[in-house]
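One file, data_5.pdb, carrying PDB, C-alpha atoms:
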```
ATOM      1  CA  MET Z   1     -68.787 -14.298 -11.933
ATOM      2  CA  ASN Z   2     -67.398 -12.079  -9.133
ATOM      3  CA  LYS Z   3     -66.666 -15.056  -6.890
ATOM      4  CA  ARG Z   4     -65.145 -16.944  -9.802
ATOM      5  CA  LEU Z   5     -62.950 -13.936 -10.655
ATOM      6  CA  HIS Z   6     -61.838 -13.499  -7.059
ATOM      7  CA  THR Z   7     -60.973 -17.195  -6.873
ATOM      8  CA  SER Z   8     -59.032 -16.954 -10.140
ATOM      9  CA  LEU Z   9     -56.980 -14.012  -8.863
ATOM     10  CA  ARG Z  10     -56.118 -15.891  -5.686
ATOM     11  CA  LEU Z  11     -55.125 -18.966  -7.656
ATOM     12  CA  LEU Z  12     -52.926 -16.850  -9.922
ATOM     13  CA  ALA Z  13     -51.189 -15.303  -6.946
ATOM     14  CA  MET Z  14     -50.641 -18.713  -5.354
ATOM     15  CA  ALA Z  15     -49.348 -20.079  -8.636
ATOM     16  CA  GLY Z  16     -46.848 -17.232  -8.821
ATOM     17  CA  LEU Z  17     -45.598 -18.017  -5.342
ATOM     18  CA  VAL Z  18     -45.253 -21.679  -6.235
ATOM     19  CA  VAL Z  19     -43.248 -20.736  -9.321
ATOM     20  CA  LEU Z  20     -40.998 -18.533  -7.202
ATOM     21  CA  ALA Z  21     -40.458 -21.302  -4.668
ATOM     22  CA  GLY Z  22     -39.715 -23.782  -7.420
ATOM     23  CA  CYS Z  23     -37.173 -21.461  -8.984
ATOM     24  CA  ALA Z  24     -35.485 -20.981  -5.619
ATOM     25  CA  GLY Z  25     -34.574 -24.637  -5.525
ATOM     26  CA  LYS Z  26     -32.955 -24.606  -8.950
ATOM     27  CA  GLY Z  27     -29.519 -23.357  -9.823
ATOM     28  CA  GLU Z  28     -29.296 -20.403 -12.198
ATOM     29  CA  SER Z  29     -26.390 -19.586 -14.402
ATOM     30  CA  GLY Z  30     -25.051 -16.050 -14.104
ATOM     31  CA  GLY Z  31     -25.459 -13.385 -16.739
ATOM     32  CA  GLN Z  32     -22.704 -11.928 -18.822
ATOM     33  CA  SER Z  33     -19.675 -11.047 -16.742
ATOM     34  CA  SER Z  34     -18.542  -7.460 -16.557
ATOM     35  CA  ALA Z  35     -15.771  -6.176 -18.794
ATOM     36  CA  ALA Z  36     -12.169  -5.721 -17.695
ATOM     37  CA  ARG Z  37     -11.731  -5.345 -13.963
ATOM     38  CA  LEU Z  38      -8.983  -3.879 -11.895
ATOM     39  CA  ASP Z  39      -5.901  -6.003 -11.477
ATOM     40  CA  GLY Z  40      -6.326  -8.613  -8.794
ATOM     41  CA  LYS Z  41     -10.041  -9.295  -9.293
ATOM     42  CA  GLU Z  42     -11.095 -12.910  -9.369
ATOM     43  CA  LYS Z  43     -12.142 -14.317 -12.708
ATOM     44  CA  GLY Z  44     -15.578 -15.852 -12.981
ATOM     45  CA  SER Z  45     -17.020 -13.777 -10.110
ATOM     46  CA  GLU Z  46     -19.848 -12.195 -12.036
ATOM     47  CA  PHE Z  47     -21.919 -10.672  -9.233
ATOM     48  CA  LEU Z  48     -19.293  -8.915  -7.130
ATOM     49  CA  ALA Z  49     -19.515  -5.213  -6.285
ATOM     50  CA  TYR Z  50     -16.197  -3.443  -5.695
ATOM     51  CA  GLU Z  51     -15.399  -0.323  -3.683
ATOM     52  CA  HIS Z  52     -11.889   1.146  -3.884
ATOM     53  CA  ASN Z  53     -10.399   3.633  -1.411
ATOM     54  CA  VAL Z  54      -7.280   5.639  -2.214
ATOM     55  CA  SER Z  55      -5.563   8.225   0.004
ATOM     56  CA  VAL Z  56      -2.996  10.591  -1.492
ATOM     57  CA  ASP Z  57      -0.596  13.163  -0.063
ATOM     58  CA  ALA Z  58       0.157  16.234  -2.152
ATOM     59  CA  GLY Z  59       1.649  19.651  -1.546
ATOM     60  CA  GLU Z  60      -0.709  22.282  -0.184
ATOM     61  CA  ALA Z  61      -0.567  24.157  -3.496
ATOM     62  CA  GLN Z  62      -1.353  20.944  -5.431
ATOM     63  CA  VAL Z  63      -4.467  19.811  -3.535
ATOM     64  CA  ARG Z  64      -6.922  22.084  -5.369
ATOM     65  CA  PRO Z  65      -5.441  21.510  -8.874
ATOM     66  CA  LEU Z  66      -5.445  17.735  -8.322
ATOM     67  CA  TYR Z  67      -9.003  17.843  -7.015
ATOM     68  CA  GLU Z  68     -10.187  19.824 -10.045
ATOM     69  CA  LYS Z  69      -8.253  17.568 -12.411
ATOM     70  CA  VAL Z  70      -9.815  14.377 -11.034
ATOM     71  CA  VAL Z  71     -13.324  15.856 -11.096
ATOM     72  CA  ALA Z  72     -12.844  17.067 -14.683
ATOM     73  CA  ALA Z  73     -11.433  13.703 -15.763
ATOM     74  CA  CYS Z  74     -14.466  11.886 -14.364
ATOM     75  CA  LYS Z  75     -16.949  14.245 -16.035
ATOM     76  CA  ALA Z  76     -15.155  13.896 -19.373
ATOM     77  CA  ASP Z  77     -14.942  10.084 -19.307
ATOM     78  CA  THR Z  78     -18.307   9.271 -20.869
ATOM     79  CA  GLN Z  79     -16.872   6.136 -22.464
ATOM     80  CA  ASN Z  80     -16.559   4.478 -19.053
ATOM     81  CA  ALA Z  81     -19.806   6.013 -17.743
ATOM     82  CA  CYS Z  82     -18.006   7.861 -14.946
ATOM     83  CA  LEU Z  83     -20.463   9.401 -12.506
ATOM     84  CA  LEU Z  84     -19.448  11.957  -9.879
ATOM     85  CA  LEU Z  85     -21.313  11.037  -6.694
ATOM     86  CA  ASP Z  86     -19.835  13.410  -4.123
ATOM     87  CA  SER Z  87     -16.982  15.900  -3.890
ATOM     88  CA  SER Z  88     -15.757  18.360  -1.287
ATOM     89  CA  LEU Z  89     -12.753  20.681  -0.953
ATOM     90  CA  ASP Z  90     -11.630  22.332   2.282
ATOM     91  CA  SER Z  91      -9.011  25.007   1.710
ATOM     92  CA  GLY Z  92      -8.932  26.334   5.277
ATOM     93  CA  ARG Z  93      -6.138  25.719   7.762
ATOM     94  CA  TYR Z  94      -6.103  22.006   6.962
ATOM     95  CA  VAL Z  95      -6.229  21.602   3.189
ATOM     96  CA  HIS Z  96      -7.897  18.379   2.072
ATOM     97  CA  ALA Z  97     -10.379  17.091  -0.513
ATOM     98  CA  ARG Z  98     -12.660  14.092  -0.951
ATOM     99  CA  ILE Z  99     -14.121  12.669  -4.178
ATOM    100  CA  SER Z 100     -16.493   9.739  -4.710
ATOM    101  CA  MET Z 101     -17.028   8.390  -8.230
ATOM    102  CA  ARG Z 102     -18.563   5.413  -9.960
ATOM    103  CA  ALA Z 103     -17.278   4.129 -13.308
ATOM    104  CA  LYS Z 104     -16.429   1.027 -15.277
ATOM    105  CA  PRO Z 105     -13.219  -0.722 -14.142
ATOM    106  CA  ALA Z 106     -11.249   0.713 -17.064
ATOM    107  CA  GLY Z 107     -12.232   4.227 -15.993
ATOM    108  CA  ILE Z 108     -11.355   3.491 -12.379
ATOM    109  CA  ARG Z 109      -7.891   2.376 -13.468
ATOM    110  CA  LYS Z 110      -7.367   5.676 -15.293
ATOM    111  CA  LEU Z 111      -8.470   7.715 -12.289
ATOM    112  CA  VAL Z 112      -6.248   5.778  -9.880
ATOM    113  CA  ALA Z 113      -3.291   6.228 -12.240
ATOM    114  CA  LEU Z 114      -4.004   9.959 -12.476
ATOM    115  CA  VAL Z 115      -4.115  10.353  -8.703
ATOM    116  CA  ALA Z 116      -0.955   8.280  -8.185
ATOM    117  CA  ALA Z 117       0.938  10.309 -10.793
ATOM    118  CA  GLU Z 118       0.072  13.641  -9.171
ATOM    119  CA  GLY Z 119       0.656  12.690  -5.530
ATOM    120  CA  GLU Z 120       2.023  10.083  -3.159
ATOM    121  CA  VAL Z 121      -0.361   7.208  -2.451
ATOM    122  CA  THR Z 122      -0.349   6.632   1.309
ATOM    123  CA  SER Z 123      -3.040   3.959   1.482
ATOM    124  CA  GLN Z 124      -5.105   1.909  -0.918
ATOM    125  CA  GLY Z 125      -7.703  -0.771  -0.335
ATOM    126  CA  THR Z 126     -10.662  -2.571  -1.876
ATOM    127  CA  LYS Z 127     -13.896  -3.905  -0.367
ATOM    128  CA  VAL Z 128     -15.917  -6.591  -2.142
ATOM    129  CA  GLU Z 129     -19.597  -7.445  -1.700
ATOM    130  CA  ASP Z 130     -21.167 -10.549  -3.237
ATOM    131  CA  LEU Z 131     -24.521  -9.617  -4.796
ATOM    132  CA  GLY Z 132     -25.227 -13.065  -6.248
ATOM    133  CA  ARG Z 133     -28.174 -13.802  -3.949
ATOM    134  CA  PRO Z 134     -29.835 -10.345  -4.303
ATOM    135  CA  VAL Z 135     -29.497 -10.528  -8.098
ATOM    136  CA  LEU Z 136     -30.972 -14.031  -8.185
ATOM    137  CA  ASP Z 137     -33.904 -12.996  -5.978
ATOM    138  CA  SER Z 138     -34.470  -9.876  -8.082
ATOM    139  CA  LYS Z 139     -34.611 -11.872 -11.322
ATOM    140  CA  LYS Z 140     -37.039 -14.379  -9.837
ATOM    141  CA  ARG Z 141     -39.303 -11.603  -8.623
ATOM    142  CA  LEU Z 142     -39.253  -9.970 -12.044
ATOM    143  CA  GLU Z 143     -40.159 -13.259 -13.737
ATOM    144  CA  MET Z 144     -42.977 -13.893 -11.288
ATOM    145  CA  LEU Z 145     -44.440 -10.408 -11.740
ATOM    146  CA  LYS Z 146     -44.236 -10.630 -15.536
ATOM    147  CA  GLN Z 147     -46.015 -14.006 -15.537
ATOM    148  CA  TYR Z 148     -48.668 -12.718 -13.160
ATOM    149  CA  GLN Z 149     -49.136  -9.607 -15.328
ATOM    150  CA  ALA Z 150     -49.569 -11.738 -18.464
ATOM    151  CA  GLN Z 151     -52.150 -13.924 -16.711
ATOM    152  CA  LEU Z 152     -54.074 -10.874 -15.525
ATOM    153  CA  GLN Z 153     -54.049  -9.404 -19.018
ATOM    154  CA  ASP Z 154     -55.477 -12.657 -20.351
ATOM    155  CA  LEU Z 155     -58.114 -12.618 -17.624
ATOM    156  CA  GLU Z 156     -58.919  -9.015 -18.520
ATOM    157  CA  LYS Z 157     -59.681 -10.043 -22.105
ATOM    158  CA  ARG Z 158     -61.996 -12.798 -20.880
ATOM    159  CA  SER Z 159     -63.908 -10.477 -18.535
ATOM    160  CA  GLY Z 160     -66.129  -9.470 -21.419
ATOM    161  CA  THR Z 161     -68.880  -7.019 -20.523
ATOM    162  CA  ASN Z 162     -68.708  -7.659 -16.774
ATOM    163  CA  VAL Z 163     -67.815  -4.147 -15.584
ATOM    164  CA  ASP Z 164     -67.277  -5.108 -11.950
ATOM    165  CA  ALA Z 165     -64.905  -7.902 -12.889
ATOM    166  CA  LEU Z 166     -63.082  -5.655 -15.339
ATOM    167  CA  ILE Z 167     -62.566  -2.978 -12.672
ATOM    168  CA  LYS Z 168     -61.092  -5.495 -10.233
ATOM    169  CA  VAL Z 169     -58.735  -6.952 -12.819
ATOM    170  CA  THR Z 170     -57.662  -3.490 -13.985
ATOM    171  CA  LYS Z 171     -56.944  -2.462 -10.387
ATOM    172  CA  GLU Z 172     -54.839  -5.568  -9.839
ATOM    173  CA  LEU Z 173     -53.005  -4.909 -13.104
ATOM    174  CA  ALA Z 174     -52.159  -1.380 -11.968
ATOM    175  CA  THR Z 175     -50.772  -2.721  -8.689
ATOM    176  CA  VAL Z 176     -48.678  -5.315 -10.493
ATOM    177  CA  GLN Z 177     -47.386  -2.689 -12.920
ATOM    178  CA  VAL Z 178     -46.154  -0.501 -10.036
ATOM    179  CA  GLU Z 179     -44.444  -3.475  -8.375
ATOM    180  CA  LEU Z 180     -42.918  -4.453 -11.710
ATOM    181  CA  GLU Z 181     -41.461  -0.972 -12.235
ATOM    182  CA  GLN Z 182     -40.031  -0.950  -8.701
ATOM    183  CA  ALA Z 183     -38.493  -4.404  -9.155
ATOM    184  CA  THR Z 184     -37.018  -3.376 -12.511
ATOM    185  CA  ALA Z 185     -35.434  -0.274 -10.969
ATOM    186  CA  ALA Z 186     -34.002  -2.302  -8.061
ATOM    187  CA  ASN Z 187     -32.552  -4.871 -10.470
ATOM    188  CA  ALA Z 188     -31.023  -2.099 -12.613
ATOM    189  CA  LEU Z 189     -29.383  -0.620  -9.502
ATOM    190  CA  LEU Z 190     -27.892  -3.985  -8.587
ATOM    191  CA  MET Z 191     -26.513  -4.460 -12.093
ATOM    192  CA  GLN Z 192     -25.037  -0.945 -11.999
ATOM    193  CA  ARG Z 193     -23.179  -1.816  -8.801
ATOM    194  CA  ILE Z 194     -21.829  -4.941 -10.500
ATOM    195  CA  ASP Z 195     -20.897  -3.419 -13.864
ATOM    196  CA  THR Z 196     -19.307  -0.305 -12.346
ATOM    197  CA  ASP Z 197     -16.959   0.200  -9.381
ATOM    198  CA  LEU Z 198     -17.027   2.793  -6.642
ATOM    199  CA  LEU Z 199     -13.878   4.866  -6.057
ATOM    200  CA  ASN Z 200     -13.299   7.085  -3.018
ATOM    201  CA  VAL Z 201     -10.296   9.414  -3.240
ATOM    202  CA  ALA Z 202      -8.945  11.375  -0.259
ATOM    203  CA  ILE Z 203      -6.370  14.092  -0.955
ATOM    204  CA  SER Z 204      -4.492  15.803   1.880
ATOM    205  CA  ALA Z 205      -1.346  17.840   2.434
ATOM    206  CA  GLU Z 206      -0.375  16.546   5.890
ATOM    207  CA  GLY Z 207       2.658  14.609   4.691
ATOM    208  CA  LYS Z 208       3.832  17.356   2.322
ATOM    209  CA  GLN Z 209       3.511  20.446   4.512
ATOM    210  CA  SER Z 210       6.507  22.734   4.962
ATOM    211  CA  PHE Z 211       8.512  23.177   8.168
ATOM    212  CA  TRP Z 212       6.876  26.529   8.957
ATOM    213  CA  THR Z 213       3.293  25.381   8.368
ATOM    214  CA  PRO Z 214       2.709  24.134  11.954
ATOM    215  CA  VAL Z 215       4.349  27.323  13.280
ATOM    216  CA  LYS Z 216       2.087  29.519  11.171
ATOM    217  CA  ARG Z 217      -0.909  27.468  12.237
ATOM    218  CA  ALA Z 218       0.062  27.845  15.915
ATOM    219  CA  LEU Z 219       0.478  31.621  15.514
ATOM    220  CA  GLY Z 220      -2.845  31.795  13.743
ATOM    221  CA  ASN Z 221      -4.468  29.933  16.627
ATOM    222  CA  PHE Z 222      -2.726  32.000  19.323
ATOM    223  CA  THR Z 223      -5.631  34.398  19.908
ATOM    224  CA  ASP Z 224      -8.185  31.609  19.991
ATOM    225  CA  ASN Z 225      -6.050  29.504  22.304
ATOM    226  CA  LEU Z 226      -5.428  32.486  24.594
ATOM    227  CA  SER Z 227      -9.129  33.296  24.898
ATOM    228  CA  GLU Z 228      -9.886  29.607  25.454
ATOM    229  CA  GLY Z 229      -7.245  29.446  28.204
ATOM    230  CA  VAL Z 230      -8.637  32.543  29.924
ATOM    231  CA  ALA Z 231     -12.148  31.097  29.727
ATOM    232  CA  ASN Z 232     -10.945  27.822  31.263
ATOM    233  CA  ALA Z 233      -9.162  29.691  34.049
ATOM    234  CA  ILE Z 234     -12.331  31.663  34.854
ATOM    235  CA  THR Z 235     -14.352  28.468  34.892
ATOM    236  CA  ALA Z 236     -11.826  26.837  37.211
ATOM    237  CA  MET Z 237     -11.995  29.848  39.563
ATOM    238  CA  ALA Z 238     -15.772  29.590  39.622
ATOM    239  CA  TYR Z 239     -15.431  26.013  40.882
ATOM    240  CA  ILE Z 240     -12.627  26.780  43.381
ATOM    241  CA  LEU Z 241     -13.974  30.033  44.868
ATOM    242  CA  PRO Z 242     -16.798  28.504  47.015
ATOM    243  CA  TRP Z 243     -14.381  25.957  48.480
ATOM    244  CA  LEU Z 244     -11.848  28.708  49.179
ATOM    245  CA  ILE Z 245     -14.422  30.830  51.028
ATOM    246  CA  ALA Z 246     -15.564  27.820  53.047
ATOM    247  CA  PHE Z 247     -11.943  27.049  53.971
ATOM    248  CA  VAL Z 248     -11.281  30.652  55.076
ATOM    249  CA  LEU Z 249     -14.374  30.655  57.290
ATOM    250  CA  LEU Z 250     -14.035  27.197  58.780
ATOM    251  CA  PHE Z 251     -10.253  26.995  59.237
ATOM    252  CA  PRO Z 252     -10.091  29.387  62.271
ATOM    253  CA  LEU Z 253     -12.943  27.521  63.964
ATOM    254  CA  GLY Z 254     -11.298  24.190  63.347
ATOM    255  CA  ARG Z 255      -7.949  25.460  64.578
ATOM    256  CA  LYS Z 256      -9.517  26.864  67.733
ATOM    257  CA  GLY Z 257     -11.335  23.617  68.445
ATOM    258  CA  TRP Z 258      -8.143  21.651  67.912
ATOM    259  CA  ARG Z 259      -6.270  23.809  70.423
ATOM    260  CA  ARG Z 260      -9.001  23.337  73.032
ATOM    261  CA  LEU Z 261      -8.944  19.615  72.472
ATOM    262  CA  ARG Z 262      -5.195  19.470  72.963
ATOM    263  CA  GLY Z 263      -5.291  21.745  76.055
ATOM    264  CA  ALA Z 264      -8.027  19.836  77.870
ATOM    265  CA  PRO Z 265      -6.781  18.050  81.081
ATOM    266  CA  ARG Z 266      -6.559  14.313  80.942
ATOM    267  CA  LYS Z 267      -8.592  12.218  83.337
ATOM    268  CA  ASP Z 268      -6.676   9.605  85.347
TER     269      ASP Z 268
END
```

Translate this structure into structure tokens?
Amino acid sequence: MNKRLHTSLRLLAMAGLVVLAGCAGKGESGGQSSAARLDGKEKGSEFLAYEHNVSVDAGEAQVRPLYEKVVAACKADTQNACLLLDSSLDSGRYVHARISMRAKPAGIRKLVALVAAEGEVTSQGTKVEDLGRPVLDSKKRLEMLKQYQAQLQDLEKRSGTNVDALIKVTKELATVQVELEQATAANALLMQRIDTDLLNVAISAEGKQSFWTPVKRALGNFTDNLSEGVANAITAMAYILPWLIAFVLLFPLGRKGWRRLRGAPRKD
């Protein structure tokens, strides 16, 4: 019975691989296309993942309010499943902020419009990644694992009172269940990347800074620059001093030797 069970498990695994290979040679129609996309997206491209990058210039006093407004707008937009992935605000000498969000295309449009209305868009771009092949492979793997799981469950019922056989089948079922959960999570992540877009917003005040801002920044850096200059001068002296001492010691000897060489009588 043990040998027969082992052989059955191997045959099931081989059958699953054959099914997977057979599916690979067949075309598969795509699932339901995502809802409205940003303007300019190609129609009929159902497995494309989009990443948008927007850079905005705003006044120094407007960087923080705009940052907080965009973050709040994303958190409040549950209808478009907006998810705040990363955000940072630097209010030091160079005021700037960065925000990364993921949302449905309709939510991305709202966020881009909000940013453009509050500041001056200096650059905007979109990157596209075709996930058709990964999605297809993920679906095939899920189908294979589900079929293999069903066959193992059927084999488990037929194991009867054979404890050793039942233990082996149960162990294989547990392994398949773990792989099935991992494949399901990976497929869900792929579909999330397709159904929602990634938006990276960069907010800075470089183009909107006042005339005196660079002057104030230079005055603020005066002490640091002065200490850095003194440190560099000391370092330069440390390199020059040995050569200077060597020159002072060797120059008289060289000069004396040169005079002797010039004063030596010539031989006819």

Can you spell out as a ChimeraX atom specification the set of residues that the PyMOL selection byres ((chain Z and resi 179-181) around 10) selects in the structure I just provided?
/Z:141-146,149,173-178,182-187

- Task: Specify as a list in words each residue included when the PyMOL selection byres ((chain Z and resi 80) around 7) is applied to this file.
- Result: Asp77, Thr78, Gln79, Ala81, Cys82, Ala103, Lys104, Ala106 and Gly107 of chain Z

With distances taken over all atoms listed in the file, the candidate from Z:Ala165, Z:Leu190, Z:Ala205, Z:Leu85 nearest Z:Leu66 is Z:Ala205

Considering only C-alpha atoms, can you say which of Z:Phe247, Z:Gly119, Z:Met191, Z:Cys74 comes closest to Z:Leu136?
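The answer is Z:Met191, which sits nearest to Z:Leu136.
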
Review point. How would you write, as an NGL selection string, the residues chosen by the PyMOL selection byres ((chain Z and resi 112) around 12) on this structure?
Key: :Z and (38-39 or 52-56 or 70 or 73-74 or 99 or 101 or 103 or 105-111 or 113-121 or 123-125 or 198-202)

Checklist entry - Which neighbours of Z:Leu89 fall inside 9 Å, counting all atoms listed in the file, when residues of the same chain fewer than 4 positions from it are skipped, and could you give them as JSON, numbers by chain? => result {"Z": [63, 64, 67, 95, 96, 97, 98, 99]}

*Which of Z:Leu249, Z:Ile240, Z:Ile194, Z:Ile203 sits closest to Z:Gly59 [using all atoms listed in the file]*: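 Closest residue, counting all atoms listed in the file: Z:Ile203.
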
One residue among Z:Leu152, Z:Tyr50, Z:Gly160, Z:Ala188 is nearest to Z:Glu172 when using only C-alpha atoms, and that residue is Z:Leu152

To one decimal in Å, tell me the separation between atom CA of Z:Glu206 and atom CA of Z:Ser87.
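According to the coordinates, atom CA of Z:Glu206 and atom CA of Z:Ser87 are separated by 19.3 Å.
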
Since the input lacks some atoms of stretch 251-260 of chain Z, please model all heavy atoms and print them as a tab-separated table (two decimals), in the coordinates of the input.
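Saved to part06.tsv:
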```tsv
chain	number	residue	atom	x	y	z
Z	251	PHE	N	-11.58	27.33	58.74
Z	251	PHE	CA	-10.25	27.00	59.24
Z	251	PHE	C	-10.00	27.57	60.63
Z	251	PHE	O	-9.49	26.85	61.52
Z	251	PHE	CB	-9.18	27.48	58.26
Z	251	PHE	CG	-7.79	27.17	58.71
Z	251	PHE	CD1	-7.28	25.88	58.66
Z	251	PHE	CD2	-6.98	28.18	59.22
Z	251	PHE	CE1	-6.00	25.61	59.08
Z	251	PHE	CE2	-5.70	27.92	59.66
Z	251	PHE	CZ	-5.19	26.61	59.58
Z	252	PRO	N	-10.32	28.87	60.90
Z	252	PRO	CA	-10.09	29.39	62.27
Z	252	PRO	C	-10.88	28.61	63.32
Z	252	PRO	O	-10.37	28.34	64.43
Z	252	PRO	CB	-10.56	30.84	62.18
Z	252	PRO	CG	-10.43	31.18	60.73
Z	252	PRO	CD	-10.79	29.93	60.01
Z	253	LEU	N	-12.14	28.27	63.00
Z	253	LEU	CA	-12.94	27.52	63.96
Z	253	LEU	C	-12.34	26.14	64.22
Z	253	LEU	O	-12.28	25.68	65.37
Z	253	LEU	CB	-14.38	27.38	63.45
Z	253	LEU	CG	-15.16	28.70	63.28
Z	253	LEU	CD1	-16.53	28.43	62.69
Z	253	LEU	CD2	-15.30	29.41	64.63
Z	254	GLY	N	-11.91	25.50	63.18
Z	254	GLY	CA	-11.30	24.19	63.35
Z	254	GLY	C	-10.00	24.27	64.13
Z	254	GLY	O	-9.70	23.38	64.96
Z	255	ARG	N	-9.22	25.30	63.87
Z	255	ARG	CA	-7.95	25.46	64.58
Z	255	ARG	C	-8.19	25.73	66.06
Z	255	ARG	O	-7.49	25.18	66.92
Z	255	ARG	CB	-7.19	26.62	63.95
Z	255	ARG	CG	-5.80	26.78	64.50
Z	255	ARG	CD	-5.09	27.91	63.79
Z	255	ARG	NE	-3.75	28.08	64.30
Z	255	ARG	CZ	-2.93	29.05	63.90
Z	255	ARG	NH1	-3.33	29.92	62.97
Z	255	ARG	NH2	-1.72	29.14	64.41
Z	256	LYS	N	-9.20	26.54	66.34
Z	256	LYS	CA	-9.52	26.86	67.73
Z	256	LYS	C	-10.00	25.62	68.48
Z	256	LYS	O	-9.62	25.36	69.63
Z	256	LYS	CB	-10.60	27.94	67.75
Z	256	LYS	CG	-10.85	28.56	69.10
Z	256	LYS	CD	-11.84	29.71	68.98
Z	256	LYS	CE	-12.04	30.38	70.32
Z	256	LYS	NZ	-12.99	31.52	70.21
Z	257	GLY	N	-10.84	24.84	67.82
Z	257	GLY	CA	-11.34	23.62	68.44
Z	257	GLY	C	-10.21	22.63	68.68
Z	257	GLY	O	-10.19	21.91	69.68
Z	258	TRP	N	-9.27	22.56	67.76
Z	258	TRP	CA	-8.14	21.65	67.91
Z	258	TRP	C	-7.29	22.04	69.10
Z	258	TRP	O	-6.81	21.18	69.85
Z	258	TRP	CB	-7.34	21.65	66.62
Z	258	TRP	CG	-6.06	20.84	66.69
Z	258	TRP	CD1	-4.80	21.30	66.74
Z	258	TRP	CD2	-5.97	19.42	66.74
Z	258	TRP	NE1	-3.91	20.29	66.81
Z	258	TRP	CE2	-4.61	19.08	66.80
Z	258	TRP	CE3	-6.91	18.38	66.73
Z	258	TRP	CZ2	-4.18	17.78	66.87
Z	258	TRP	CZ3	-6.44	17.09	66.79
Z	258	TRP	CH2	-5.09	16.80	66.85
Z	259	ARG	N	-7.07	23.34	69.28
Z	259	ARG	CA	-6.27	23.81	70.42
Z	259	ARG	C	-6.95	23.48	71.74
Z	259	ARG	O	-6.31	23.09	72.72
Z	259	ARG	CB	-6.04	25.31	70.32
Z	259	ARG	CG	-5.03	25.68	69.23
Z	259	ARG	CD	-4.87	27.19	69.17
Z	259	ARG	NE	-3.82	27.56	68.19
Z	259	ARG	CZ	-3.50	28.83	67.91
Z	259	ARG	NH1	-4.16	29.82	68.53
Z	259	ARG	NH2	-2.56	29.07	67.03
Z	260	ARG	N	-8.27	23.65	71.81
Z	260	ARG	CA	-9.00	23.34	73.03
Z	260	ARG	C	-8.92	21.85	73.33
Z	260	ARG	O	-8.80	21.45	74.50
Z	260	ARG	CB	-10.47	23.75	72.90
Z	260	ARG	CG	-10.67	25.26	72.95
Z	260	ARG	CD	-12.15	25.58	72.87
Z	260	ARG	NE	-12.38	27.01	72.97
Z	260	ARG	CZ	-13.60	27.57	72.94
Z	260	ARG	NH1	-14.67	26.79	72.80
Z	260	ARG	NH2	-13.72	28.87	73.02
```
